[in-house]
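Listing of run.cif; format and content: mmCIF, C-alpha atoms and all ligand atoms.
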data_upload
#
loop_
_atom_site.label_atom_id
_atom_site.label_comp_id
_atom_site.auth_asym_id
_atom_site.auth_seq_id
_atom_site.Cartn_x
_atom_site.Cartn_y
_atom_site.Cartn_z
CA MET A 1 107.46 25.73 25.45
CA LYS A 2 108.48 29.12 26.83
CA LYS A 3 109.90 29.07 30.36
CA HIS A 4 107.56 30.80 32.78
CA LEU A 5 108.65 33.35 35.40
CA VAL A 6 106.02 34.02 38.05
CA LEU A 7 106.28 36.99 40.42
CA VAL A 8 104.32 36.76 43.65
CA GLY A 9 103.54 40.35 44.66
CA GLY A 10 104.81 43.52 43.06
CA GLY A 11 106.54 45.02 46.05
CA HIS A 12 109.70 47.06 46.59
CA ALA A 13 112.07 44.16 45.85
CA HIS A 14 110.56 43.50 42.40
CA MET A 15 111.04 47.04 41.10
CA MET A 16 113.97 46.23 38.79
CA ILE A 17 112.43 43.02 37.48
CA LEU A 18 109.24 44.96 36.67
CA ASP A 19 111.34 47.65 34.97
CA ASN A 20 112.96 44.97 32.77
CA LEU A 21 109.89 42.86 31.91
CA LYS A 22 109.92 43.82 28.22
CA GLN A 23 113.53 42.66 27.81
CA ILE A 24 112.79 39.44 29.71
CA ILE A 25 109.80 38.74 27.48
CA GLU A 26 111.82 39.63 24.34
CA LYS A 27 114.33 36.97 25.38
CA GLY A 28 111.53 34.43 24.98
CA PHE A 29 110.24 34.02 28.54
CA LYS A 30 106.65 34.26 29.71
CA VAL A 31 106.01 36.45 32.77
CA THR A 32 103.02 36.47 35.13
CA VAL A 33 102.68 38.78 38.11
CA ILE A 34 100.12 37.95 40.82
CA GLY A 35 99.02 40.60 43.31
CA PRO A 36 95.93 41.67 45.25
CA CYS A 37 95.99 45.29 44.07
CA ASP A 38 96.51 47.06 40.72
CA HIS A 39 98.95 49.39 42.47
CA HIS A 40 101.81 48.98 44.93
CA TYR A 41 101.98 51.58 47.71
CA TYR A 42 105.29 52.87 49.05
CA SER A 43 105.24 52.40 52.82
CA GLY A 44 107.82 55.11 53.54
CA MET A 45 105.21 57.70 52.52
CA GLY A 46 102.19 55.87 54.00
CA PRO A 47 102.03 57.79 57.31
CA GLY A 48 102.44 61.03 55.31
CA MET A 49 99.43 60.04 53.19
CA LEU A 50 97.48 59.43 56.39
CA GLY A 51 98.42 62.90 57.63
CA GLY A 52 97.46 64.55 54.33
CA THR A 53 100.98 65.46 53.14
CA TYR A 54 100.70 63.12 50.14
CA THR A 55 97.88 62.00 47.90
CA ARG A 56 97.32 58.36 46.93
CA GLU A 57 98.75 59.12 43.51
CA ASP A 58 101.96 60.49 45.05
CA ILE A 59 102.84 57.25 46.75
CA ARG A 60 101.73 54.48 44.42
CA PHE A 61 103.10 52.56 41.49
CA ALA A 62 100.86 51.19 38.71
CA THR A 63 101.95 47.54 38.88
CA LYS A 64 99.20 46.14 36.64
CA ASP A 65 99.76 48.71 33.87
CA VAL A 66 103.52 48.27 33.98
CA VAL A 67 103.15 44.50 33.62
CA THR A 68 100.52 44.43 30.89
CA LYS A 69 102.03 47.25 28.81
CA GLN A 70 105.29 45.29 28.59
CA GLY A 71 103.57 42.11 27.46
CA GLY A 72 103.28 40.31 30.80
CA THR A 73 100.15 38.90 32.41
CA PHE A 74 98.77 40.44 35.60
CA VAL A 75 96.54 38.28 37.81
CA LEU A 76 94.56 40.31 40.32
CA ASP A 77 94.52 37.83 43.18
CA ARG A 78 96.33 36.85 46.34
CA VAL A 79 98.67 33.87 46.37
CA ALA A 80 97.51 31.32 48.94
CA ARG A 81 100.30 28.77 48.67
CA LEU A 82 102.93 27.17 46.48
CA ASP A 83 103.32 23.52 45.59
CA PRO A 84 107.10 23.47 45.30
CA LYS A 85 107.32 19.88 44.08
CA ALA A 86 104.82 20.41 41.25
CA ARG A 87 106.14 23.96 40.69
CA GLU A 88 102.70 25.50 40.97
CA VAL A 89 101.30 28.59 42.62
CA TYR A 90 97.72 28.56 43.90
CA THR A 91 95.76 31.74 44.32
CA GLU A 92 93.06 32.40 46.90
CA SER A 93 90.38 32.23 44.21
CA GLY A 94 91.62 28.76 43.24
CA GLU A 95 93.62 29.53 40.10
CA LYS A 96 96.69 27.38 39.50
CA VAL A 97 99.74 28.88 37.78
CA LYS A 98 102.68 26.68 36.79
CA TYR A 99 106.17 28.15 36.96
CA ASP A 100 109.75 27.36 36.01
CA VAL A 101 111.10 30.11 38.25
CA VAL A 102 109.12 31.97 40.92
CA CYS A 103 110.16 35.06 42.85
CA CYS A 104 108.25 36.04 45.99
CA ASN A 105 107.87 39.60 47.25
CA ALA A 106 104.62 39.20 49.16
CA GLY A 107 105.66 41.43 52.06
CA SER A 108 104.41 41.24 55.60
CA TYR A 109 101.17 41.73 57.50
CA ILE A 110 99.99 42.95 60.89
CA PRO A 111 98.69 40.15 63.12
CA MET A 112 95.21 41.00 64.36
CA ASP A 113 95.05 38.27 67.06
CA THR A 114 93.77 40.66 69.72
CA VAL A 115 90.98 41.98 67.49
CA PRO A 116 87.69 40.03 67.36
CA GLY A 117 86.82 39.81 63.66
CA GLN A 118 86.47 42.73 61.28
CA LEU A 119 85.83 46.07 62.99
CA ASP A 120 85.07 49.06 60.77
CA ASN A 121 86.92 51.48 63.09
CA THR A 122 90.06 49.34 63.53
CA TYR A 123 92.84 49.51 60.95
CA PRO A 124 96.13 47.65 60.76
CA VAL A 125 98.92 49.98 59.53
CA LYS A 126 99.44 47.57 56.62
CA PRO A 127 98.38 47.29 53.83
CA ILE A 128 99.45 50.89 53.31
CA GLU A 129 96.62 51.59 50.83
CA LYS A 130 94.08 51.20 53.67
CA LEU A 131 95.56 54.24 55.44
CA TRP A 132 93.78 56.41 52.85
CA GLU A 133 90.43 54.95 53.86
CA ALA A 134 91.37 55.39 57.52
CA ALA A 135 92.15 59.09 56.91
CA GLU A 136 88.76 59.65 55.25
CA LYS A 137 86.98 58.02 58.20
CA LEU A 138 89.01 60.00 60.71
CA LYS A 139 88.17 63.28 59.00
CA ALA A 140 84.46 62.50 59.35
CA LEU A 141 84.97 61.54 63.00
CA PHE A 142 86.93 64.71 63.80
CA LYS A 143 84.05 66.78 62.37
CA SER A 144 81.59 65.03 64.66
CA GLY A 145 83.31 66.24 67.83
CA GLU A 146 85.89 65.12 70.35
CA THR A 147 87.35 61.73 69.53
CA ARG A 148 89.75 59.24 71.03
CA VAL A 149 92.26 57.55 68.75
CA SER A 150 94.34 54.65 70.06
CA VAL A 151 97.47 53.21 68.45
CA VAL A 152 98.43 49.71 69.56
CA GLY A 153 102.19 49.12 69.37
CA GLY A 154 105.30 51.00 70.37
CA GLY A 155 107.52 50.87 67.28
CA PRO A 156 108.31 53.40 64.57
CA SER A 157 105.13 52.84 62.56
CA SER A 158 103.07 53.49 65.69
CA ALA A 159 104.94 56.75 66.38
CA GLU A 160 104.61 57.82 62.74
CA VAL A 161 100.91 57.01 62.61
CA ALA A 162 100.17 58.82 65.90
CA GLY A 163 102.11 61.89 64.74
CA ASN A 164 100.28 61.97 61.44
CA VAL A 165 96.85 61.52 63.01
CA TRP A 166 97.77 64.61 65.03
CA GLN A 167 98.69 66.45 61.80
CA LEU A 168 95.44 65.40 60.10
CA ALA A 169 93.37 66.67 63.03
CA LYS A 170 95.36 69.90 63.36
CA GLU A 171 94.79 70.77 59.72
CA MET A 172 91.05 70.34 60.17
CA LYS A 173 91.17 73.10 62.81
CA GLY A 174 88.41 71.47 64.90
CA PRO A 175 88.66 70.01 68.42
CA MET A 176 91.86 67.98 68.77
CA PRO A 177 91.37 64.24 69.38
CA GLU A 178 92.89 62.48 72.34
CA ILE A 179 95.64 60.36 70.77
CA ARG A 180 97.21 57.51 72.75
CA ILE A 181 99.96 55.04 72.06
CA PHE A 182 100.09 51.70 73.88
CA ALA A 183 103.61 50.25 73.89
CA ARG A 184 104.27 46.73 75.17
CA SER A 185 107.56 47.87 76.73
CA ARG A 186 109.07 51.30 76.04
CA LEU A 187 108.26 53.45 73.01
CA MET A 188 110.84 52.71 70.24
CA SER A 189 112.56 50.24 72.54
CA GLY A 190 114.64 48.80 69.68
CA PHE A 191 116.41 52.12 69.08
CA PRO A 192 119.17 54.00 70.86
CA GLU A 193 118.13 56.41 73.62
CA SER A 194 119.16 59.37 71.43
CA VAL A 195 116.46 58.40 68.88
CA ARG A 196 113.90 57.24 71.42
CA SER A 197 114.01 60.38 73.52
CA ARG A 198 113.64 62.67 70.49
CA VAL A 199 110.62 60.77 69.16
CA PHE A 200 109.14 60.69 72.66
CA SER A 201 109.57 64.40 73.23
CA ILE A 202 108.11 65.46 69.84
CA LEU A 203 104.99 63.35 70.40
CA LYS A 204 104.67 64.33 74.05
CA LYS A 205 104.84 68.08 73.29
CA ARG A 206 101.75 67.64 71.13
CA GLY A 207 99.80 66.10 73.95
CA ILE A 208 99.95 62.55 72.60
CA HIS A 209 99.59 60.16 75.55
CA ILE A 210 102.29 57.52 75.55
CA HIS A 211 101.50 54.48 77.69
CA GLU A 212 104.62 52.37 78.19
CA GLN A 213 104.74 48.85 79.70
CA ALA A 214 101.13 48.63 78.54
CA PRO A 215 100.58 45.40 76.59
CA VAL A 216 97.15 45.20 74.99
CA LYS A 217 95.14 42.09 75.73
CA GLU A 218 92.06 42.71 73.67
CA VAL A 219 90.51 45.22 71.33
CA THR A 220 86.76 45.67 71.12
CA ARG A 221 84.74 47.96 68.87
CA ASP A 222 84.97 50.83 71.33
CA SER A 223 87.74 50.06 73.79
CA ILE A 224 91.25 48.82 74.43
CA LEU A 225 91.75 46.36 77.27
CA LEU A 226 95.26 46.15 78.72
CA ASP A 227 96.85 43.10 80.38
CA SER A 228 96.73 45.14 83.58
CA GLY A 229 92.91 45.20 83.40
CA ARG A 230 92.65 48.92 82.57
CA THR A 231 90.37 49.83 79.69
CA PHE A 232 90.47 52.88 77.44
CA ASP A 233 87.40 53.92 75.46
CA SER A 234 88.35 54.43 71.81
CA ASP A 235 86.54 55.70 68.73
CA PHE A 236 89.25 54.69 66.28
CA ILE A 237 92.08 52.19 66.61
CA PHE A 238 95.26 51.59 64.65
CA MET A 239 97.04 48.28 65.03
CA ALA A 240 100.83 48.53 64.81
CA PRO A 241 102.13 45.69 66.99
CA GLY A 242 104.90 44.74 64.49
CA VAL A 243 104.84 42.83 61.23
CA ARG A 244 105.07 39.15 60.35
CA PRO A 245 106.18 37.75 56.99
CA SER A 246 103.47 36.51 54.61
CA THR A 247 102.10 33.13 55.69
CA ILE A 248 102.32 31.51 52.24
CA PHE A 249 105.65 29.77 52.84
CA GLU A 250 104.76 28.04 56.05
CA VAL A 251 101.46 26.73 54.64
CA SER A 252 103.35 25.50 51.57
CA GLY A 253 105.70 23.40 53.68
CA LEU A 254 108.73 25.37 52.47
CA PRO A 255 111.76 25.81 54.72
CA VAL A 256 111.16 28.97 56.76
CA GLY A 257 113.13 30.98 59.29
CA PRO A 258 112.20 31.52 62.95
CA ASP A 259 109.77 34.30 61.90
CA LYS A 260 108.18 31.98 59.26
CA GLY A 261 109.61 33.98 56.37
CA LEU A 262 110.91 32.08 53.33
CA LEU A 263 114.36 30.82 54.32
CA VAL A 264 116.81 32.01 51.66
CA ASN A 265 120.55 31.64 51.14
CA THR A 266 122.97 34.35 50.03
CA TYR A 267 121.52 34.14 46.49
CA LEU A 268 118.08 35.07 47.89
CA GLN A 269 117.09 31.56 46.86
CA SER A 270 115.11 28.98 48.84
CA VAL A 271 117.53 26.70 50.66
CA GLU A 272 115.65 23.66 49.34
CA TYR A 273 114.13 24.64 45.98
CA PRO A 274 116.63 26.43 43.70
CA GLU A 275 113.91 27.78 41.38
CA ILE A 276 112.27 29.74 44.23
CA PHE A 277 113.62 33.22 45.04
CA GLY A 278 112.39 35.93 47.35
CA GLY A 279 113.03 39.40 48.69
CA GLY A 280 111.72 42.07 51.05
CA ASP A 281 109.80 41.50 54.27
CA CYS A 282 108.65 37.99 53.30
CA ILE A 283 112.10 36.35 53.50
CA TYR A 284 114.36 35.21 56.30
CA PHE A 285 117.97 35.74 55.17
CA GLN A 286 119.88 32.74 56.48
CA ASP A 287 123.22 34.52 56.90
CA GLN A 288 121.90 37.18 59.27
CA PRO A 289 118.40 38.28 60.23
CA LEU A 290 117.54 41.51 58.43
CA ASN A 291 115.28 44.21 59.82
CA LYS A 292 111.92 44.50 58.08
CA VAL A 293 112.68 47.75 56.34
CA GLY A 294 112.11 48.82 52.77
CA VAL A 295 115.81 49.66 52.45
CA TYR A 296 116.74 45.96 52.25
CA ALA A 297 113.95 45.21 49.79
CA VAL A 298 115.30 47.99 47.56
CA ARG A 299 118.91 46.80 47.92
CA GLU A 300 117.87 43.27 46.91
CA ASN A 301 116.57 44.42 43.51
CA PRO A 302 119.67 43.97 41.34
CA VAL A 303 120.44 40.56 42.84
CA LEU A 304 116.89 39.31 42.31
CA LEU A 305 116.87 40.57 38.71
CA HIS A 306 120.20 38.92 38.00
CA ASN A 307 119.38 35.66 39.74
CA VAL A 308 115.94 35.04 38.27
CA MET A 309 117.39 35.68 34.79
CA ALA A 310 120.41 33.49 35.51
CA SER A 311 118.11 30.76 36.75
CA LEU A 312 115.96 30.96 33.59
CA GLU A 313 119.06 30.95 31.37
CA GLY A 314 121.15 28.45 33.33
CA LYS A 315 123.86 30.97 34.26
CA ALA A 316 125.75 31.66 37.52
CA LEU A 317 124.01 33.38 40.43
CA VAL A 318 125.37 36.35 42.37
CA GLU A 319 125.35 36.84 46.14
CA PHE A 320 123.42 39.43 48.10
CA HIS A 321 125.34 41.52 50.60
CA PRO A 322 123.07 43.54 52.90
CA GLY A 323 125.43 46.53 52.83
CA PRO A 324 126.27 49.24 55.35
CA GLU A 325 124.07 50.70 58.06
CA TYR A 326 121.19 52.56 56.50
CA LEU A 327 119.75 56.03 57.00
CA LEU A 328 116.63 56.07 59.16
CA ILE A 329 114.19 58.97 59.20
CA PHE A 330 110.81 58.92 60.91
CA ASN A 331 108.04 61.22 59.76
CA LEU A 332 106.29 62.31 62.95
CA GLY A 333 103.80 64.64 61.25
CA GLY A 334 103.58 68.40 61.62
CA GLY A 335 106.67 68.74 59.40
CA ALA A 336 108.92 67.14 62.04
CA GLY A 337 111.08 64.07 61.86
CA VAL A 338 113.89 62.24 63.60
CA LEU A 339 116.98 61.23 61.62
CA LYS A 340 119.62 58.64 62.47
CA LYS A 341 122.68 57.70 60.47
CA LYS A 342 125.47 55.96 62.38
CA GLY A 343 126.32 58.27 65.32
CA LEU A 344 124.43 61.25 63.89
CA VAL A 345 120.97 61.81 65.36
CA PHE A 346 118.79 64.89 65.20
CA GLY A 347 115.11 65.75 65.24
CA GLY A 348 112.97 68.56 63.85
CA ARG A 349 112.04 70.15 60.56
CA LEU A 350 115.29 69.41 58.71
CA ALA A 351 114.91 65.67 59.33
CA PHE A 352 111.45 65.75 57.75
CA ILE A 353 112.65 67.85 54.80
CA ILE A 354 115.40 65.31 54.07
CA LYS A 355 112.96 62.38 54.28
CA ASP A 356 110.42 64.15 52.08
CA TYR A 357 113.11 64.89 49.47
CA ILE A 358 114.46 61.31 49.45
CA ASP A 359 111.01 59.70 49.39
CA ARG A 360 109.65 61.91 46.60
CA LYS A 361 112.82 61.28 44.57
CA PHE A 362 112.52 57.52 45.12
CA MET A 363 108.86 57.53 44.09
CA LYS A 364 109.64 59.61 40.99
CA SER A 365 112.21 57.04 39.86
CA PHE A 366 109.76 54.22 40.61
CA GLN A 367 106.90 55.97 38.77
CA ALA A 368 109.21 56.86 35.85
CA ILE A 369 108.93 53.19 34.83
CA GLU A 370 105.18 53.78 34.19
CA LYS A 371 105.79 56.94 32.24
CA THR A 372 108.37 55.54 29.81
CA LEU A 373 106.00 52.80 28.60
C1 LIG B 1 103.55 52.50 58.48
C2 LIG B 1 104.87 51.97 58.00
C3 LIG B 1 105.88 52.85 57.63
C4 LIG B 1 107.11 52.36 57.18
N1 LIG B 1 108.07 53.26 56.82
C5 LIG B 1 109.25 52.81 56.35
C6 LIG B 1 110.27 53.72 55.94
O1 LIG B 1 110.10 54.94 56.01
N2 LIG B 1 111.43 53.20 55.46
C7 LIG B 1 111.64 51.86 55.37
O2 LIG B 1 112.71 51.44 54.91
N3 LIG B 1 110.72 50.98 55.76
C8 LIG B 1 109.52 51.41 56.23
N4 LIG B 1 108.57 50.52 56.64
C9 LIG B 1 108.84 49.09 56.47
C10 LIG B 1 108.43 48.71 55.05
O3 LIG B 1 107.04 48.81 54.96
C11 LIG B 1 108.73 47.30 54.61
O4 LIG B 1 109.99 46.90 55.01
C12 LIG B 1 108.60 47.24 53.09
O5 LIG B 1 107.29 47.56 52.71
C13 LIG B 1 108.95 45.87 52.58
O6 LIG B 1 108.73 45.84 51.22
P1 LIG B 1 108.11 44.56 50.55
O7 LIG B 1 108.05 44.87 49.10
O8 LIG B 1 108.81 43.35 50.99
O9 LIG B 1 106.66 44.40 51.17
P2 LIG B 1 105.33 45.23 50.93
O10 LIG B 1 105.61 46.66 50.81
O11 LIG B 1 104.39 44.75 51.99
O12 LIG B 1 104.81 44.72 49.51
C14 LIG B 1 104.31 43.45 49.31
C15 LIG B 1 103.51 43.40 48.05
O13 LIG B 1 103.00 42.09 47.91
C16 LIG B 1 101.61 42.10 47.72
N5 LIG B 1 101.07 40.92 48.39
C17 LIG B 1 100.82 40.76 49.71
N6 LIG B 1 100.34 39.53 49.95
C18 LIG B 1 100.30 38.89 48.77
C19 LIG B 1 99.90 37.59 48.36
N7 LIG B 1 99.44 36.69 49.23
N8 LIG B 1 99.98 37.28 47.04
C20 LIG B 1 100.45 38.18 46.16
N9 LIG B 1 100.85 39.41 46.49
C21 LIG B 1 100.78 39.77 47.78
C22 LIG B 1 101.13 43.41 48.31
O14 LIG B 1 99.95 43.86 47.69
C23 LIG B 1 102.31 44.34 48.05
O15 LIG B 1 102.20 44.96 46.81
C24 LIG B 1 107.33 50.98 57.10
C25 LIG B 1 106.31 50.10 57.49
C26 LIG B 1 105.09 50.57 57.92
C27 LIG B 1 104.01 49.59 58.31
#
Representation of the structure as structure tokens:
Amino acid sequence: MKKHLVLVGGGHAHMMILDNLKQIIEKGFKVTVIGPCDHHYYSGMGPGMLGGTYTREDIRFATKDVVTKQGGTFVLDRVARLDPKAREVYTESGEKVKYDVVCCNAGSYIPMDTVPGQLDNTYPVKPIEKLWEAAEKLKALFKSGETRVSVVGGGPSSAEVAGNVWQLAKEMKGPMPEIRIFARSRLMSGFPESVRSRVFSILKKRGIHIHEQAPVKEVTRDSILLDSGRTFDSDFIFMAPGVRPSTIFEVSGLPVGPDKGLLVNTYLQSVEYPEIFGGGDCIYFQDQPLNKVGVYAVRENPVLLHNVMASLEGKALVEFHPGPEYLLIFNLGGGAGVLKKKGLVFGGRLAFIIKDYIDRKFMKSFQAIEKTL
């Protein structure tokens, strides 16, 4: 019987495996990819899609087509858990898929603990594809008059989302909404002052209200309640309080890191089950905690491709080295960004132009996989 490779999620870390599916299948292996969406959306351009700089088509990758055109099987479903002893993956709809080797790139999610149930005007900043729907709703709201948009969280995705809501409203040329950010401590507290102050000043100049030391206790359909007891009426709310790795590893009883991500060794391999690999936001790298940024997911690609093949073929694995400090650029809407690379930090139009160029180039190379099939 053919050995079966199962990919959980078609995210940034699976790009090279997806690009090489035909060759993997030609070698005599069966491949199944399981994911909740026919497309994978590139997060780096998500806030830009919200602001209207990019279309949905600009920022997405046709995972299902790429898999099926190369002879693989695509299962449109969400993985609920793994049974590592039986080597089985269970989907939310109850399907069971047996594997010889499984690689997990199921990403991360936004905890919605402070939100009571499903609210039609409250959007987590992930999954990225939902930002399109949020933009459509916002446009309708902006047309109806003055609106109040709240963003819960004080990290980079919160700053990017607030800046791009501003851009979206500005381009509609109607009354500007009141946009507020609620940061638990300081805005962009995990970044050097040189970055923080630039982001702060760009957003502030546009009239975006930045509430610092303002932890949110509860979100209702039309208001934000702070720990301090203050409430802020809101017509639309974005949730950006930070991401958590996919829950599938903890519920499967697999070894996980302190953040509940799949605990992997230097081979990006489960520390207990050698046939389980993982990359991107859903893992906890045992050697050193890695930031939840797409850069690491992308850097993990060649190692994951090599190691899943080596595992199928009984060959030696290679180690993952996270690499040097990465370039950070935040898209704050209105054609402005803030760039940081080592000691170099600057804000303004050039930072956005560089990000736009890099992101479009990255997406072109990603989408080229679809076009060559
Ligand atoms: C608004 C925003 C902007 C960001 N901008 C940047 C940036 O500019 N640069 C940067 O480096 N990082 C950025 N990040 C961080 C970046 O999003 C993540 O680090 C990156 O997406 C991780 O890639 P991933 O493939 O692991 O996860 P994801 O991009 O989350 O992909 C996971 C994939 O798995 C699928 N999936 C999810 N759950 C399941 C399941 N249960 N079963 C099967 N499949 C599943 C999803 O559909 C998705 O296709 C940003 C994050 C946000 C929220």
Protein and nucleic residues near ligand LIG 1 (chain B), 6 Å, only C-alpha atoms and all ligand atoms, as an NGL selection string: :A and (8-13 or 34-37 or 40 or 43-44 or 46-47 or 78-80 or 105-108 or 125-126 or 157 or 280-282 or 292-295 or 297)
Please return as a compact mmCIF listing (two decimals) with C-alpha atoms, in the coordinates of the input every residue within 10 Å of (110.5, 69.1, 54.6), taking into account all atoms listed in the file and the file's own coordinates.
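This is the output file part-v2.txt:
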# COMPACT_ATOMS: atom_id res chain seq x y z
CA ASN A 331 108.04 61.22 59.76
CA GLY A 334 103.58 68.40 61.62
CA GLY A 335 106.67 68.74 59.40
CA ALA A 336 108.92 67.14 62.04
CA GLY A 337 111.08 64.07 61.86
CA GLY A 348 112.97 68.56 63.85
CA ARG A 349 112.04 70.15 60.56
CA LEU A 350 115.29 69.41 58.71
CA ALA A 351 114.91 65.67 59.33
CA PHE A 352 111.45 65.75 57.75
CA ILE A 353 112.65 67.85 54.80
CA ILE A 354 115.40 65.31 54.07
CA LYS A 355 112.96 62.38 54.28
CA ASP A 356 110.42 64.15 52.08
CA TYR A 357 113.11 64.89 49.47
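Minimum atom-to-atom distances from A:Leu141, A:Ala159, A:Leu50, A:Val216 to Met188 (chain A) were compared using all atoms listed in the file, and the lowest value belongs to A:Ala159.
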Distance criterion (all atoms listed in the file): nearest to Arg56 (chain A) out of A:Trp166, A:Tyr42, A:Tyr296, A:Tyr123: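 That would be A:Tyr42, the residue with the smallest distance to Arg56 (chain A).
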Contacts of Leu119 (chain A) at 12 Å (only C-alpha atoms; same-chain gap of 2+ positions) as a VMD selection string: chain A and resid 112 114 to 117 121 to 124 219 to 223 235 to 239
Residue nearest Gly253 (chain A) - candidates A:Ser270, A:Thr63, A:Thr147, A:Asn307, atoms counted: all atoms listed in the file: A:Ser270
Residue among A:Leu168, A:Ile110, A:Ile25, A:Ala140 lying closest to Lys2 (chain A), counting all atoms listed in the file: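 The shortest atom-to-atom distance to Lys2 (chain A) comes from A:Ile25.
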Residue nearest Phe61 (chain A) - candidates A:His39, A:Arg186, A:Lys22, A:Lys217, atoms counted: only C-alpha atoms: A:His39
Top pick for closest residue to Lys3 (chain A), considering A:Asp65, A:Arg148, A:Thr266, A:Tyr99 and counting only C-alpha atoms: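 For Lys3 (chain A), the nearest of the given residues is A:Tyr99.
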Just the residues within 8 Å of region 313-325 of chain A, please, counting all atoms listed in the file, with nothing from its chain fewer than 6 positions along; format it as a JSON list (two decimals) with C-alpha atoms, keeping the file's coordinate frame.
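Result file out_31.json:
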[["chain", "number", "residue", "atom", "x", "y", "z"],
["A", 266, "THR", "CA", 122.97, 34.35, 50.03],
["A", 267, "TYR", "CA", 121.52, 34.14, 46.49],
["A", 268, "LEU", "CA", 118.08, 35.07, 47.89],
["A", 296, "TYR", "CA", 116.74, 45.96, 52.25],
["A", 299, "ARG", "CA", 118.91, 46.80, 47.92],
["A", 300, "GLU", "CA", 117.87, 43.27, 46.91],
["A", 303, "VAL", "CA", 120.44, 40.56, 42.84],
["A", 306, "HIS", "CA", 120.20, 38.92, 38.00],
["A", 307, "ASN", "CA", 119.38, 35.66, 39.74],
["A", 341, "LYS", "CA", 122.68, 57.70, 60.47],
["A", 342, "LYS", "CA", 125.47, 55.96, 62.38]]
Atomic separation - CA of Met16 (chain A) relative to CA of Met1 (chain A), Å: 25.3 Å
CA of Thr91 (chain A) to CA of Glu275 (chain A), straight-line distance in Å: 18.8 Å
Polymer residues at most 9 Å from Ile17 (chain A), all atoms listed in the file, same-chain spacing of 3 or more positions, as a list in words: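 Contacts, with the query itself left out: Ala13, His14, Asn20, Leu21, Ile24, Asn301, Pro302, Leu304, Leu305, His306 and Val308 of chain A.
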Long-range neighbours of region 191-206 of chain A as a PyMOL selection string, 7 Å cut-off, only C-alpha atoms, 6 positions minimum in chain: chain A and resi 163+338+345+347
Keeping C-alpha atoms for every residue in the selection just given, could you write it to a file as a PDB file, in the coordinates of the input?
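That gives us part.pdb:
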ATOM      1  CA  GLY A 163     102.110  61.890  64.740  1.00  0.00           C
ATOM      2  CA  VAL A 338     113.890  62.240  63.600  1.00  0.00           C
ATOM      3  CA  VAL A 345     120.970  61.810  65.360  1.00  0.00           C
ATOM      4  CA  GLY A 347     115.110  65.750  65.240  1.00  0.00           C
TER       5      GLY A 347
END
Distance in Å - CA of Ile283 (chain A) versus CA of Pro245 (chain A):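 CA of Pro245 (chain A) lies at a distance of 7.0 Å from CA of Ile283 (chain A).
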Cut-off 10 Å around (99.4, 25.9, 36.4) with only C-alpha atoms: residues as an MDAnalysis selection string: chainID A and resid 86:90 95:99
Long-range neighbours of Phe74 (chain A) as an NGL selection string, 7 Å cut-off, all atoms listed in the file, 2 positions minimum in chain: :A and (32-34 or 64 or 67-68 or 72 or 76)
Please produce region 104-111 of chain A, completed to N, CA, C and O atoms, as an mmCIF file, in the frame of the given file.
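Wrote it out as result.cif, contents follow:
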data_model
loop_
_atom_site.group_PDB
_atom_site.id
_atom_site.type_symbol
_atom_site.label_atom_id
_atom_site.label_comp_id
_atom_site.auth_asym_id
_atom_site.auth_seq_id
_atom_site.Cartn_x
_atom_site.Cartn_y
_atom_site.Cartn_z
ATOM 1 N N CYS A 104 109.296 35.618 45.037
ATOM 2 C CA CYS A 104 108.250 36.040 45.990
ATOM 3 C C CYS A 104 108.618 37.350 46.671
ATOM 4 O O CYS A 104 109.680 37.475 47.268
ATOM 5 N N ASN A 105 107.716 38.297 46.577
ATOM 6 C CA ASN A 105 107.870 39.600 47.250
ATOM 7 C C ASN A 105 106.492 39.967 47.802
ATOM 8 O O ASN A 105 105.902 40.960 47.434
ATOM 9 N N ALA A 106 106.001 39.067 48.663
ATOM 10 C CA ALA A 106 104.620 39.200 49.160
ATOM 11 C C ALA A 106 104.542 39.994 50.465
ATOM 12 O O ALA A 106 103.470 40.113 51.060
ATOM 13 N N GLY A 107 105.669 40.517 50.924
ATOM 14 C CA GLY A 107 105.660 41.430 52.060
ATOM 15 C C GLY A 107 105.277 40.804 53.391
ATOM 16 O O GLY A 107 105.455 39.604 53.626
ATOM 17 N N SER A 108 104.735 41.655 54.239
ATOM 18 C CA SER A 108 104.410 41.240 55.600
ATOM 19 C C SER A 108 103.019 41.762 55.955
ATOM 20 O O SER A 108 102.447 42.570 55.228
ATOM 21 N N TYR A 109 102.516 41.313 57.079
ATOM 22 C CA TYR A 109 101.170 41.730 57.500
ATOM 23 C C TYR A 109 101.181 42.005 58.998
ATOM 24 O O TYR A 109 102.118 41.621 59.712
ATOM 25 N N ILE A 110 100.128 42.654 59.455
ATOM 26 C CA ILE A 110 99.990 42.950 60.890
ATOM 27 C C ILE A 110 99.080 41.889 61.505
ATOM 28 O O ILE A 110 97.922 41.762 61.101
ATOM 29 N N PRO A 111 99.567 41.129 62.482
ATOM 30 C CA PRO A 111 98.690 40.150 63.120
ATOM 31 C C PRO A 111 97.567 40.868 63.879
ATOM 32 O O PRO A 111 97.814 41.869 64.555
#
